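Trainee: Okay, so here is data22.pdb, and as you'll see once you scroll down, it has PDB, C-alpha atoms and all ligand atoms.
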ATOM      1  CA  MET H   1      17.378 -51.824 -15.236
ATOM      2  CA  MET H   2      20.597 -51.373 -13.344
ATOM      3  CA  GLN H   3      21.210 -53.681 -10.399
ATOM      4  CA  ILE H   4      22.778 -52.341  -7.244
ATOM      5  CA  GLN H   5      24.562 -54.668  -4.870
ATOM      6  CA  PRO H   6      23.296 -53.447  -1.502
ATOM      7  CA  LYS H   7      26.018 -52.689   1.047
ATOM      8  CA  ILE H   8      24.857 -53.508   4.546
ATOM      9  CA  GLU H   9      26.791 -52.780   7.718
ATOM     10  CA  GLN H  10      26.025 -54.236  11.091
ATOM     11  CA  ILE H  11      26.103 -51.561  13.826
ATOM     12  CA  ASN H  12      24.880 -52.267  17.381
ATOM     13  CA  GLY H  13      23.010 -55.294  16.081
ATOM     14  CA  LYS H  14      21.109 -53.224  13.507
ATOM     15  CA  GLN H  15      21.384 -53.496   9.748
ATOM     16  CA  PHE H  16      22.508 -50.236   8.147
ATOM     17  CA  LEU H  17      22.026 -49.956   4.396
ATOM     18  CA  LEU H  18      24.633 -47.603   2.893
ATOM     19  CA  LEU H  19      22.882 -45.391   0.371
ATOM     20  CA  ASN H  20      25.767 -44.006  -1.676
ATOM     21  CA  ASP H  21      25.250 -46.231  -4.740
ATOM     22  CA  PHE H  22      21.487 -45.706  -4.700
ATOM     23  CA  ILE H  23      21.865 -41.932  -4.443
ATOM     24  CA  ASP H  24      24.398 -41.975  -7.265
ATOM     25  CA  ALA H  25      22.107 -44.046  -9.484
ATOM     26  CA  ASP H  26      19.067 -42.000  -8.475
ATOM     27  CA  MET H  27      17.234 -45.164  -7.365
ATOM     28  CA  LEU H  28      15.173 -46.050  -4.316
ATOM     29  CA  PRO H  29      16.122 -49.227  -2.415
ATOM     30  CA  ALA H  30      13.334 -51.718  -1.689
ATOM     31  CA  GLY H  31      11.476 -50.912   1.520
ATOM     32  CA  ASP H  32      12.503 -54.137   3.257
ATOM     33  CA  MET H  33      16.276 -53.565   2.885
ATOM     34  CA  GLY H  34      17.966 -52.782   6.210
ATOM     35  CA  ASP H  35      16.653 -51.471   9.530
ATOM     36  CA  VAL H  36      18.179 -48.055   8.938
ATOM     37  CA  TRP H  37      19.319 -46.249   5.816
ATOM     38  CA  LEU H  38      22.550 -44.318   6.108
ATOM     39  CA  VAL H  39      23.260 -41.376   3.806
ATOM     40  CA  ASN H  40      26.985 -41.515   3.061
ATOM     41  CA  SER H  41      27.049 -39.407  -0.117
ATOM     42  CA  THR H  42      28.659 -35.967  -0.072
ATOM     43  CA  GLN H  43      26.679 -34.614  -3.041
ATOM     44  CA  GLY H  44      24.155 -32.313  -1.373
ATOM     45  CA  SER H  45      21.819 -31.798  -4.321
ATOM     46  CA  LYS H  46      21.674 -35.528  -5.102
ATOM     47  CA  VAL H  47      21.029 -36.365  -1.449
ATOM     48  CA  LYS H  48      18.215 -33.823  -1.341
ATOM     49  CA  LYS H  49      16.699 -35.252  -4.514
ATOM     50  CA  PHE H  50      16.917 -38.785  -3.113
ATOM     51  CA  LEU H  51      15.269 -37.822   0.188
ATOM     52  CA  ARG H  52      12.468 -36.060  -1.692
ATOM     53  CA  GLN H  53      11.900 -39.253  -3.674
ATOM     54  CA  VAL H  54      11.720 -41.222  -0.430
ATOM     55  CA  LEU H  55       8.931 -39.099   0.976
ATOM     56  CA  ARG H  56       7.005 -39.135  -2.290
ATOM     57  CA  SER H  57       7.079 -42.934  -2.412
ATOM     58  CA  ASN H  58       3.683 -44.561  -1.875
ATOM     59  CA  ASP H  59       5.267 -47.331   0.162
ATOM     60  CA  ARG H  60       5.218 -46.733   3.899
ATOM     61  CA  ARG H  61       8.171 -49.118   4.285
ATOM     62  CA  VAL H  62      10.172 -46.587   2.260
ATOM     63  CA  TYR H  63       8.972 -43.256   3.589
ATOM     64  CA  LEU H  64       8.893 -44.348   7.239
ATOM     65  CA  LYS H  65      12.346 -45.951   7.126
ATOM     66  CA  PRO H  66      14.680 -44.417   9.726
ATOM     67  CA  ILE H  67      17.249 -42.469   7.679
ATOM     68  CA  LEU H  68      20.418 -41.129   9.258
ATOM     69  CA  LEU H  69      23.183 -38.942   7.867
ATOM     70  CA  GLU H  70      26.811 -39.993   8.237
ATOM     71  CA  ASP H  71      28.583 -37.305  10.250
ATOM     72  CA  SER H  72      31.479 -36.977   7.792
ATOM     73  CA  ILE H  73      29.197 -35.632   5.027
ATOM     74  CA  ARG H  74      28.159 -32.577   7.054
ATOM     75  CA  PRO H  75      30.842 -30.184   5.686
ATOM     76  CA  PHE H  76      29.930 -31.062   2.087
ATOM     77  CA  LEU H  77      26.231 -30.303   2.170
ATOM     78  CA  GLY H  78      26.596 -26.511   2.033
ATOM     79  CA  VAL H  79      23.360 -24.567   1.556
ATOM     80  CA  ASP H  80      21.348 -27.812   1.575
ATOM     81  CA  ALA H  81      22.488 -28.885   5.070
ATOM     82  CA  ALA H  82      19.527 -27.560   7.054
ATOM     83  CA  ILE H  83      16.925 -28.924   4.634
ATOM     84  CA  ILE H  84      18.640 -32.323   4.420
ATOM     85  CA  GLY H  85      18.759 -32.455   8.217
ATOM     86  CA  ARG H  86      15.001 -31.993   8.260
ATOM     87  CA  LEU H  87      14.302 -34.527   5.488
ATOM     88  CA  SER H  88      16.072 -37.244   7.484
ATOM     89  CA  ASP H  89      16.178 -38.388  11.110
ATOM     90  CA  GLY H  90      19.354 -36.371  11.630
ATOM     91  CA  TYR H  91      23.009 -37.224  12.126
ATOM     92  CA  PHE H  92      24.164 -40.649  13.250
ATOM     93  CA  GLU H  93      26.335 -39.236  16.026
ATOM     94  CA  ALA H  94      23.485 -37.209  17.513
ATOM     95  CA  MET H  95      21.255 -40.286  17.782
ATOM     96  CA  SER H  96      21.805 -42.499  20.841
ATOM     97  CA  PRO H  97      21.695 -46.271  20.194
ATOM     98  CA  LEU H  98      18.715 -46.521  22.534
ATOM     99  CA  LYS H  99      16.794 -43.792  20.721
ATOM    100  CA  LEU H 100      17.567 -45.403  17.382
ATOM    101  CA  ALA H 101      16.493 -48.864  18.597
ATOM    102  CA  THR H 102      13.236 -47.344  19.849
ATOM    103  CA  LEU H 103      12.629 -45.611  16.523
ATOM    104  CA  ILE H 104      13.290 -48.822  14.581
ATOM    105  CA  ASP H 105      10.909 -50.747  16.867
ATOM    106  CA  GLN H 106       8.209 -48.117  16.573
ATOM    107  CA  VAL H 107       8.385 -48.151  12.781
ATOM    108  CA  HIS H 108       8.354 -51.984  12.680
ATOM    109  CA  TYR H 109       5.429 -52.129  15.068
ATOM    110  CA  TYR H 110       3.493 -49.567  13.052
ATOM    111  CA  LEU H 111       4.182 -51.207   9.689
ATOM    112  CA  ASN H 112       3.306 -54.666  11.004
ATOM    113  CA  ARG H 113      -0.238 -53.529  11.681
ATOM    114  CA  PHE H 114      -0.951 -52.995   7.964
ATOM    115  CA  LEU H 115      -1.973 -55.788   5.659
ATOM    116  CA  ASN H 116      -0.604 -53.682   2.866
ATOM    117  CA  PRO H 117       1.783 -50.821   3.660
ATOM    118  CA  VAL H 118       1.423 -49.374   0.157
ATOM    119  CA  LEU H 119      -0.906 -46.375  -0.032
ATOM    120  CA  PRO H 120      -3.902 -46.542  -2.347
ATOM    121  CA  GLY H 121      -4.416 -43.696  -4.840
ATOM    122  CA  MET H 122      -5.573 -40.530  -3.101
ATOM    123  CA  ASP H 123      -5.637 -36.825  -3.883
ATOM    124  CA  GLN H 124      -2.528 -34.873  -3.104
ATOM    125  CA  HIS H 125      -3.761 -33.023  -0.010
ATOM    126  CA  GLU H 126      -4.875 -36.286   1.586
ATOM    127  CA  ARG H 127      -1.641 -37.972   0.525
ATOM    128  CA  VAL H 128       0.453 -35.246   2.192
ATOM    129  CA  LEU H 129      -1.631 -35.414   5.381
ATOM    130  CA  GLN H 130      -1.369 -39.199   5.453
ATOM    131  CA  TYR H 131       2.402 -38.844   5.191
ATOM    132  CA  ILE H 132       2.530 -36.173   7.925
ATOM    133  CA  PHE H 133       0.530 -38.330  10.311
ATOM    134  CA  ASP H 134       2.413 -41.561   9.577
ATOM    135  CA  LEU H 135       5.728 -39.808  10.051
ATOM    136  CA  ALA H 136       4.913 -37.631  13.048
ATOM    137  CA  TYR H 137       3.121 -40.524  14.760
ATOM    138  CA  THR H 138       6.072 -42.913  14.445
ATOM    139  CA  ARG H 139       8.553 -40.164  15.411
ATOM    140  CA  GLY H 140       6.487 -38.480  18.103
ATOM    141  CA  SER H 141       7.414 -35.195  16.443
ATOM    142  CA  ALA H 142       5.731 -31.901  15.598
ATOM    143  CA  ILE H 143       5.776 -29.920  12.346
ATOM    144  CA  ILE H 144       8.099 -26.998  12.916
ATOM    145  CA  PRO H 145       8.842 -24.309  10.328
ATOM    146  CA  LEU H 146      12.486 -23.848   9.329
ATOM    147  CA  ARG H 147      14.088 -20.483   8.496
ATOM    148  CA  SER H 148      15.430 -20.988   4.988
ATOM    149  CA  HIS H 149      16.812 -18.950   2.087
ATOM    150  CA  GLN H 150      15.621 -21.704  -0.209
ATOM    151  CA  SER H 151      11.975 -20.859   0.260
ATOM    152  CA  LEU H 152       9.674 -18.169  -1.068
ATOM    153  CA  THR H 153       8.984 -16.458   2.223
ATOM    154  CA  GLY H 154      12.043 -17.269   4.326
ATOM    155  CA  TYR H 155      10.217 -20.091   6.140
ATOM    156  CA  ALA H 156       9.894 -23.667   4.928
ATOM    157  CA  TYR H 157       8.168 -26.833   6.060
ATOM    158  CA  PRO H 158      10.811 -28.985   4.344
ATOM    159  CA  ARG H 159       8.998 -32.317   4.387
ATOM    160  CA  ILE H 160       5.701 -30.918   3.133
ATOM    161  CA  ASP H 161       7.327 -28.508   0.675
ATOM    162  CA  SER H 162       9.175 -31.458  -0.872
ATOM    163  CA  PHE H 163       5.941 -32.766  -2.370
ATOM    164  CA  PHE H 164       5.891 -29.774  -4.709
ATOM    165  CA  PHE H 165       8.209 -28.905  -7.540
ATOM    166  CA  ASN H 166       8.837 -25.197  -7.111
ATOM    167  CA  ILE H 167       9.004 -22.874  -4.127
ATOM    168  CA  LYS H 168       5.846 -21.011  -5.113
ATOM    169  CA  ASP H 169       3.697 -24.155  -5.262
ATOM    170  CA  ALA H 170       5.379 -25.386  -2.086
ATOM    171  CA  TYR H 171       4.458 -22.211  -0.224
ATOM    172  CA  MET H 172       0.857 -22.081  -1.445
ATOM    173  CA  ASN H 173       0.105 -25.771  -0.927
ATOM    174  CA  SER H 174       1.951 -26.364   2.356
ATOM    175  CA  ARG H 175       0.267 -23.448   4.078
ATOM    176  CA  LEU H 176      -3.121 -24.365   2.655
ATOM    177  CA  ILE H 177      -2.889 -28.019   3.695
ATOM    178  CA  LEU H 178      -1.759 -27.141   7.223
ATOM    179  CA  LYS H 179      -4.316 -24.353   7.636
ATOM    180  CA  LYS H 180      -7.194 -26.549   6.472
ATOM    181  CA  ALA H 181      -6.119 -29.445   8.659
ATOM    182  CA  ALA H 182      -5.965 -27.111  11.669
ATOM    183  CA  GLU H 183      -9.411 -25.658  10.874
ATOM    184  CA  GLU H 184     -10.843 -29.169  10.646
ATOM    185  CA  GLY H 185      -9.327 -30.062  14.007
ATOM    186  CA  PHE H 186      -6.818 -32.617  12.675
ATOM    187  CA  LEU H 187      -3.801 -30.548  13.705
ATOM    188  CA  VAL H 188      -3.278 -28.128  16.593
ATOM    189  CA  ARG H 189      -1.304 -25.019  15.783
ATOM    190  CA  THR H 190       0.758 -22.710  17.962
ATOM    191  CA  TYR H 191       2.147 -19.303  17.016
ATOM    192  CA  HIS H 192       5.743 -19.233  15.769
ATOM    193  CA  ASP H 193       6.340 -15.917  13.954
ATOM    194  CA  THR H 194       4.783 -13.130  11.871
ATOM    195  CA  GLN H 195       5.957 -12.364   8.338
ATOM    196  CA  HIS H 196       5.502  -9.463   5.943
ATOM    197  CA  LEU H 197       5.318 -10.631   2.348
ATOM    198  CA  CYS H 198       5.240  -8.996  -1.082
ATOM    199  CA  SER H 199       1.603  -8.557  -2.106
ATOM    200  CA  ASP H 200       2.470  -9.381  -5.727
ATOM    201  CA  CYS H 201       4.521 -12.564  -5.385
ATOM    202  CA  ASN H 202       4.432 -13.546  -1.653
ATOM    203  CA  SER H 203       8.198 -13.279  -1.351
ATOM    204  CA  GLY H 204       9.498 -12.614   2.142
ATOM    205  CA  PHE H 205      12.766 -11.213   0.839
ATOM    206  CA  LEU H 206      12.163  -7.500   1.012
ATOM    207  CA  ASN H 207      14.404  -4.456   0.982
ATOM    208  CA  TYR H 208      13.236  -1.576   3.162
ATOM    209  CA  HIS H 209      14.174   1.946   1.997
ATOM    210  CA  GLU H 210      13.846   5.291   3.739
ATOM    211  CA  ILE H 211      12.791   7.686   0.981
ATOM    212  CA  CYS H 212      12.594  11.447   0.370
ATOM    213  CA  PRO H 213       8.940  12.503   0.856
ATOM    214  CA  LYS H 214       9.247  15.028  -2.000
ATOM    215  CA  CYS H 215      10.926  13.143  -4.853
ATOM    216  CA  LYS H 216      10.786   9.486  -3.545
ATOM    217  CA  ASN H 217      14.544   9.100  -4.005
ATOM    218  CA  HIS H 218      16.138   6.639  -1.590
ATOM    219  CA  ASN H 219      19.688   7.905  -1.923
ATOM    220  CA  LEU H 220      19.696   9.861   1.332
ATOM    221  CA  LYS H 221      22.308  11.107   3.713
ATOM    222  CA  ALA H 222      21.493  10.950   7.397
ATOM    223  CA  MET H 223      23.153  13.521   9.600
ATOM    224  CA  PRO H 224      22.893  14.457  13.280
ATOM    225  CA  LEU H 225      20.787  17.516  13.997
ATOM    226  CA  VAL H 226      22.535  20.198  16.081
ATOM    227  CA  HIS H 227      20.719  22.611  18.396
ATOM    228  CA  HIS H 228      22.637  25.703  19.549
ATOM    229  CA  PHE H 229      21.230  26.656  22.999
ATOM    230  CA  ARG H 230      22.197  30.369  22.971
ATOM    231  CA  CYS H 231      20.405  31.405  19.776
ATOM    232  CA  ALA H 232      18.076  28.368  19.484
ATOM    233  CA  TYR H 233      19.227  27.630  15.919
ATOM    234  CA  VAL H 234      18.628  24.023  14.855
ATOM    235  CA  GLY H 235      20.161  22.564  11.706
ATOM    236  CA  PRO H 236      22.107  19.607  10.310
ATOM    237  CA  GLU H 237      25.635  19.217  11.598
ATOM    238  CA  SER H 238      27.007  20.195   8.189
ATOM    239  CA  ASP H 239      25.599  23.760   8.670
ATOM    240  CA  PHE H 240      27.935  24.132  11.664
ATOM    241  CA  MET H 241      31.134  22.779  10.139
ATOM    242  CA  LEU H 242      33.767  25.392   9.399
ATOM    243  CA  HIS H 243      37.087  23.720   8.578
ATOM    244  CA  ASP H 244      37.563  21.433  11.585
ATOM    245  CA  ASN H 245      35.546  23.498  14.016
ATOM    246  CA  MET H 246      31.886  23.892  14.760
ATOM    247  CA  VAL H 247      30.548  27.402  14.388
ATOM    248  CA  CYS H 248      26.912  28.431  14.583
ATOM    249  CA  PRO H 249      25.737  29.699  11.147
ATOM    250  CA  LYS H 250      23.172  32.014  12.787
ATOM    251  CA  CYS H 251      25.135  33.748  15.580
ATOM    252  CA  SER H 252      28.715  32.897  14.528
ATOM    253  CA  THR H 253      29.641  31.615  17.989
ATOM    254  CA  ALA H 254      31.996  28.657  18.231
ATOM    255  CA  LEU H 255      30.412  25.516  19.691
ATOM    256  CA  ARG H 256      32.572  23.762  22.269
ATOM    257  CA  ASN H 257      30.894  21.282  24.598
ATOM    258  CA  LEU H 258      28.145  18.873  23.719
ATOM    259  CA  GLY H 259      25.480  19.070  26.407
ATOM    260  CA  VAL H 260      26.773  22.476  27.648
ATOM    261  CA  ASP H 261      26.318  24.903  24.751
ATOM    262  CA  TYR H 262      24.674  22.583  22.197
ATOM    263  CA  ASP H 263      23.040  19.181  21.866
ATOM    264  CA  LYS H 264      22.067  16.709  19.152
ATOM    265  CA  PRO H 265      18.297  16.247  19.415
ATOM    266  CA  GLY H 266      17.948  13.764  16.567
ATOM    267  CA  LYS H 267      18.912  13.253  12.966
ATOM    268  CA  VAL H 268      17.988  14.810   9.694
ATOM    269  CA  PHE H 269      17.885  13.324   6.210
ATOM    270  CA  ILE H 270      19.213  15.154   3.204
ATOM    271  CA  CYS H 271      18.037  14.022  -0.220
ATOM    272  CA  LYS H 272      21.026  13.463  -2.488
ATOM    273  CA  ASN H 273      19.026  14.116  -5.646
ATOM    274  CA  GLN H 274      20.715  17.336  -6.866
ATOM    275  CA  GLN H 275      17.396  18.738  -8.155
ATOM    276  CA  CYS H 276      15.761  18.179  -4.765
ATOM    277  CA  ASN H 277      18.177  18.508  -1.803
ATOM    278  CA  HIS H 278      15.161  18.338   0.496
ATOM    279  CA  LYS H 279      15.920  18.189   4.251
ATOM    280  CA  PHE H 280      13.488  16.307   6.458
ATOM    281  CA  GLN H 281      13.312  14.432   9.740
ATOM    282  CA  GLU H 282      10.641  11.792   9.146
ATOM    283  CA  ALA H 283      11.515   9.521   6.234
ATOM    284  CA  PRO H 284       8.649   7.421   4.828
ATOM    285  CA  ILE H 285       9.474   3.760   4.151
ATOM    286  CA  ARG H 286       9.148   2.076   0.751
ATOM    287  CA  VAL H 287       9.575  -1.646   0.404
ATOM    288  CA  CYS H 288      11.142  -3.211  -2.676
ATOM    289  CA  CYS H 289      10.651  -6.939  -3.346
ATOM    290  CA  VAL H 290      13.973  -8.695  -3.971
ATOM    291  CA  ASP H 291      12.235 -11.366  -6.076
ATOM    292  CA  CYS H 292       9.835  -9.482  -8.380
ATOM    293  CA  GLY H 293      11.158  -5.925  -8.005
ATOM    294  CA  LYS H 294       7.766  -4.364  -7.229
ATOM    295  CA  GLU H 295       7.637  -1.473  -4.770
ATOM    296  CA  HIS H 296       5.117  -1.216  -1.972
ATOM    297  CA  ASP H 297       4.155   1.011   0.902
ATOM    298  CA  PRO H 298       4.503  -0.973   4.139
ATOM    299  CA  TYR H 299       0.712  -1.088   4.663
ATOM    300  CA  GLU H 300       0.358  -2.888   1.311
ATOM    301  CA  LEU H 301       2.446  -5.885   2.446
ATOM    302  CA  VAL H 302       0.698  -9.148   3.245
ATOM    303  CA  VAL H 303       0.938 -10.018   6.934
ATOM    304  CA  LYS H 304       1.044 -13.773   7.562
ATOM    305  CA  LYS H 305       1.452 -15.734  10.740
ATOM    306  CA  VAL H 306       3.682 -18.793  10.792
ATOM    307  CA  TYR H 307       2.675 -21.715  12.995
ATOM    308  CA  GLU H 308       4.014 -24.926  14.435
ATOM    309  CA  TYR H 309       1.652 -27.886  14.220
ATOM    310  CA  ALA H 310       1.104 -30.949  16.371
ATOM    311  CA  LEU H 311      -1.141 -33.966  15.766
ATOM    312  CA  ALA H 312      -4.611 -33.603  17.289
ATOM    313  CA  GLU H 313      -6.591 -36.590  18.571
ATOM    314  CA  ARG H 314      -9.199 -36.065  15.843
ATOM    315  CA  GLY H 315      -6.459 -36.264  13.202
ATOM    316  CA  ILE H 316      -4.940 -39.391  14.744
ATOM    317  CA  GLN H 317      -8.374 -41.065  14.658
ATOM    318  CA  ARG H 318      -8.747 -40.187  10.998
ATOM    319  CA  TYR H 319      -5.258 -40.770   9.602
ATOM    320  CA  VAL H 320      -3.709 -43.315  11.950
ATOM    321  CA  TYR H 321      -6.824 -45.378  12.713
ATOM    322  CA  GLY H 322      -9.073 -44.291   9.828
ATOM    323  CA  ALA H 323      -9.824 -45.552   6.310
ATOM    324  CA  HIS H 324      -6.168 -45.730   5.215
ATOM    325  CA  GLY H 325      -4.809 -46.204   8.718
ATOM    326  CA  ILE H 326      -4.035 -49.296  10.745
ATOM    327  CA  LYS H 327      -7.363 -50.352  12.215
ATOM    328  CA  THR H 328      -9.513 -50.897   9.165
ATOM    329  CA  GLU H 329      -6.685 -52.400   7.153
ATOM    330  CA  VAL H 330      -6.138 -55.066   9.817
ATOM    331  CA  ASN H 331      -9.893 -55.648  10.279
ATOM    332  CA  SER H 332     -10.823 -55.796   6.628
TER     333      SER H 332
HETATM  334 ZN    ZN P   1      14.220  14.396  -2.834
HETATM  335 ZN    ZN P   2      23.859  30.306  17.422
HETATM  336 ZN    ZN P   3       7.409  -9.636  -5.137
END
Would you encode the structure as structure tokens?
Mentor:
Amino acid sequence: MMQIQPKIEQINGKQFLLLNDFIDADMLPAGDMGDVWLVNSTQGSKVKKFLRQVLRSNDRRVYLKPILLEDSIRPFLGVDAAIIGRLSDGYFEAMSPLKLATLIDQVHYYLNRFLNPVLPGMDQHERVLQYIFDLAYTRGSAIIPLRSHQSLTGYAYPRIDSFFFNIKDAYMNSRLILKKAAEEGFLVRTYHDTQHLCSDCNSGFLNYHEICPKCKNHNLKAMPLVHHFRCAYVGPESDFMLHDNMVCPKCSTALRNLGVDYDKPGKVFICKNQQCNHKFQEAPIRVCCVDCGKEHDPYELVVKKVYEYALAERGIQRYVYGAHGIKTEVNS
């Protein structure tokens, strides 16, 4: 196996392990190296892969390690920037030395209370919850959904999603784990947003069409509706256009002043299907899924609420002080 010479920098009396060589070699450093790990690689996809490996490690010394991003890499991360921000403790510059020292102390203090910081084998749901509690407890943080193109629905829980290998599994499992934990009183949830999802594939990337009620075509032209006061004729603006002037097609009077001799009470749709040419005011909506291509009426979409989660006392008792937590390990 390849050996990496660890590069450690001393900053404000703390040991920073530079991760570039580890990220390049796709290797995890040992959990006892450095007080802080510093991501100084500009390769977004490799950084993301590395951070996902960190959180899937069974060693608390690895997955609880404070990890910061070097500020200079920010412009290189591209589409991965938001996710990478959430898989780490953020940018070095944004973290005050005091806050960082506190975080390091909290993690040390927490880890020191275990006889063995390596997790025993457990099923995946429990493993993810153990991780969530260890992390959120040492960080004093909540679990907040992130708007993201790189997710099935448009919302991600980056740290939980990273336990799963594709966006579909990530969506299904993350929501299920969080929902169950909230139902069992381990987490407390608060409303964040409502989503409409494809009922075939759960995608949140949907294209809304106004369609012709007769032929279902969605190639429509919308035009203002004109109402001539004197003869009460109402029709699309195109009925009134004669060269550059507006002339009423019913009474042949020229229209001059909006609000005085005519008004525009709304709009009308004209179907551009040559066989149809239907004119109508109320256009039904059809929804086309960007991911699977299926079409739906709006009432067929799946309505899902998105929540933020915080640790509940019951959950802290179970995961922080419970069977795999700090109390029993120290006592046993
Ligand atoms: Zn039509
Ligand atoms: Zn008229
Ligand atoms: Zn779909």
Trainee: Apply the PyMOL selection byres (((chain H and resi 309) around 12) and not hetatm) to the displayed file and report the matching residues as a compact mmCIF listing (two decimals) with C-alpha atoms, keeping the file's coordinate frame.
Mentor:
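File expr05.txt, as written:
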# COMPACT_ATOMS: atom_id res chain seq x y z
CA ILE H 132 2.53 -36.17 7.92
CA PHE H 133 0.53 -38.33 10.31
CA ALA H 136 4.91 -37.63 13.05
CA SER H 141 7.41 -35.20 16.44
CA ALA H 142 5.73 -31.90 15.60
CA ILE H 143 5.78 -29.92 12.35
CA ILE H 144 8.10 -27.00 12.92
CA PRO H 145 8.84 -24.31 10.33
CA TYR H 157 8.17 -26.83 6.06
CA SER H 174 1.95 -26.36 2.36
CA ARG H 175 0.27 -23.45 4.08
CA ILE H 177 -2.89 -28.02 3.70
CA LEU H 178 -1.76 -27.14 7.22
CA LYS H 179 -4.32 -24.35 7.64
CA LYS H 180 -7.19 -26.55 6.47
CA ALA H 181 -6.12 -29.44 8.66
CA ALA H 182 -5.96 -27.11 11.67
CA GLU H 183 -9.41 -25.66 10.87
CA GLY H 185 -9.33 -30.06 14.01
CA PHE H 186 -6.82 -32.62 12.68
CA LEU H 187 -3.80 -30.55 13.70
CA VAL H 188 -3.28 -28.13 16.59
CA ARG H 189 -1.30 -25.02 15.78
CA THR H 190 0.76 -22.71 17.96
CA TYR H 191 2.15 -19.30 17.02
CA HIS H 192 5.74 -19.23 15.77
CA VAL H 306 3.68 -18.79 10.79
CA TYR H 307 2.68 -21.72 13.00
CA GLU H 308 4.01 -24.93 14.44
CA ALA H 310 1.10 -30.95 16.37
CA LEU H 311 -1.14 -33.97 15.77
CA ALA H 312 -4.61 -33.60 17.29
CA GLY H 315 -6.46 -36.26 13.20
Trainee: With only C-alpha atoms as the atoms that count, which of H:Ile73, H:Val107, H:Ile316, H:Val303 lies nearest to Leu129 in chain H?
Mentor: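 Counting only C-alpha atoms, the residue closest to Leu129 in chain H is H:Ile316.
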Trainee: Could you list, as a list in words, all protein and nucleic acid residues with an atom at most 8 Å from ligand ZN 1 (chain P), counting all atoms listed in the file?
Mentor: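 The residues near ligand ZN 1 (chain P) are Ile211, Cys212, Pro213, Lys214, Cys215, Lys216, Asn217, Ile270, Cys271, Lys272, Asn273, Gln275, Cys276, Asn277 and His278 of chain H.
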Trainee: List as a tab-separated table every residue of chain H that is in contact with ligand ZN 2 (chain P), defined as an atom at most 6 Å from one of its atoms (using all atoms listed in the file), together with the nearest atom pair and the distance in Å rounded to one decimal, sorted by chain and then rising number.
Mentor:
residue	atom	partner	partner_atom	distance
H:His228	CA	P:ZN2	ZN	5.2
H:Arg230	CA	P:ZN2	ZN	5.8
H:Cys231	CA	P:ZN2	ZN	4.3
H:Tyr233	CA	P:ZN2	ZN	5.6
H:Cys248	CA	P:ZN2	ZN	4.6
H:Lys250	CA	P:ZN2	ZN	5.0
H:Cys251	CA	P:ZN2	ZN	4.1
H:Thr253	CA	P:ZN2	ZN	6.0
Trainee: Would you write out, as a ChimeraX atom specification, every residue that the PyMOL selection byres (((not hetatm)) within 7 of (chain P and resi 3)) captures in this file?
Mentor: /H:198-203,289-294
Trainee: From the options H:Gly204, H:Gly34, H:Gly44, H:Pro284, which residue's atoms come nearest to Ile84 in chain H, counting all atoms listed in the file?
Mentor: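 Checking each candidate against Ile84 in chain H, we get H:Gly44 as the closest.
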Trainee: Under the rule that all atoms listed in the file are counted, which of H:Pro265, H:Gly322, H:Pro6, H:Pro75 is the nearest residue to Leu19 in chain H?
Mentor: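 Closest to Leu19 in chain H of all the choices is H:Pro6.
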Trainee: Suppose a student applies the PyMOL selection byres (((chain H and resi 112) around 12) and not hetatm) to this structure; what residues should they get, written as an MDAnalysis selection string?
Mentor: chainID H and resid 60:61 105:111 113:117 325:327 329:330
Trainee: Do you know which residues are at most 12 Å from range 235-238 of chain H counting all atoms listed in the file, after dropping those on the same chain fewer than 4 positions away, and could you put them as a PyMOL selection string?
Mentor: chain H and resi 221-228+231+242-250+255+262-270+279-281
Trainee: Could you tell me how far CA of Leu51 in chain H lies from CA of Leu87 in chain H, in Å and to one decimal?
Mentor: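 Interatomic distance here is 6.3 Å.
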Trainee: Using only C-alpha atoms, what table do you get, as a Markdown table, when you list each residue of range 47-144 of chain H with an atom no more than 12 Å from range 164-168 of chain H, its nearest pair of atoms, and their distance in Å rounded to one decimal, rows by chain then rising number?
Mentor:
| residue | atom | partner | partner_atom | distance |
| --- | --- | --- | --- | --- |
| H:Lys49 | CA | H:Phe165 | CA | 11.0 |
| H:Arg52 | CA | H:Phe164 | CA | 9.6 |
| H:Gln53 | CA | H:Phe164 | CA | 11.3 |
| H:Leu55 | CA | H:Phe164 | CA | 11.3 |
| H:Arg56 | CA | H:Phe164 | CA | 9.7 |
| H:Gln124 | CA | H:Phe164 | CA | 10.0 |
| H:His125 | CA | H:Phe164 | CA | 11.2 |
| H:Val128 | CA | H:Phe164 | CA | 10.4 |
Trainee: Atoms to include: C-alpha atoms. Write the selected residues as an mmCIF file, keeping the file's coordinate frame.
Mentor:
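Dumped to selection.cif:
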data_model
loop_
_atom_site.group_PDB
_atom_site.id
_atom_site.type_symbol
_atom_site.label_atom_id
_atom_site.label_comp_id
_atom_site.auth_asym_id
_atom_site.auth_seq_id
_atom_site.Cartn_x
_atom_site.Cartn_y
_atom_site.Cartn_z
ATOM 1 C CA LYS H 49 16.699 -35.252 -4.514
ATOM 2 C CA ARG H 52 12.468 -36.060 -1.692
ATOM 3 C CA GLN H 53 11.900 -39.253 -3.674
ATOM 4 C CA LEU H 55 8.931 -39.099 0.976
ATOM 5 C CA ARG H 56 7.005 -39.135 -2.290
ATOM 6 C CA GLN H 124 -2.528 -34.873 -3.104
ATOM 7 C CA HIS H 125 -3.761 -33.023 -0.010
ATOM 8 C CA VAL H 128 0.453 -35.246 2.192
#
Trainee: What's the separation between CA of Asn12 in chain H and CA of Val36 in chain H, in Å to one decimal place?
Mentor: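 Computed distance, CA of Asn12 in chain H to CA of Val36 in chain H, equals 11.6 Å.
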Trainee: Between CA of Asn207 in chain H and CA of Arg286 in chain H, what is the distance, to one decimal in Å?
Mentor: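 CA of Asn207 in chain H sits 8.4 Å away from CA of Arg286 in chain H.
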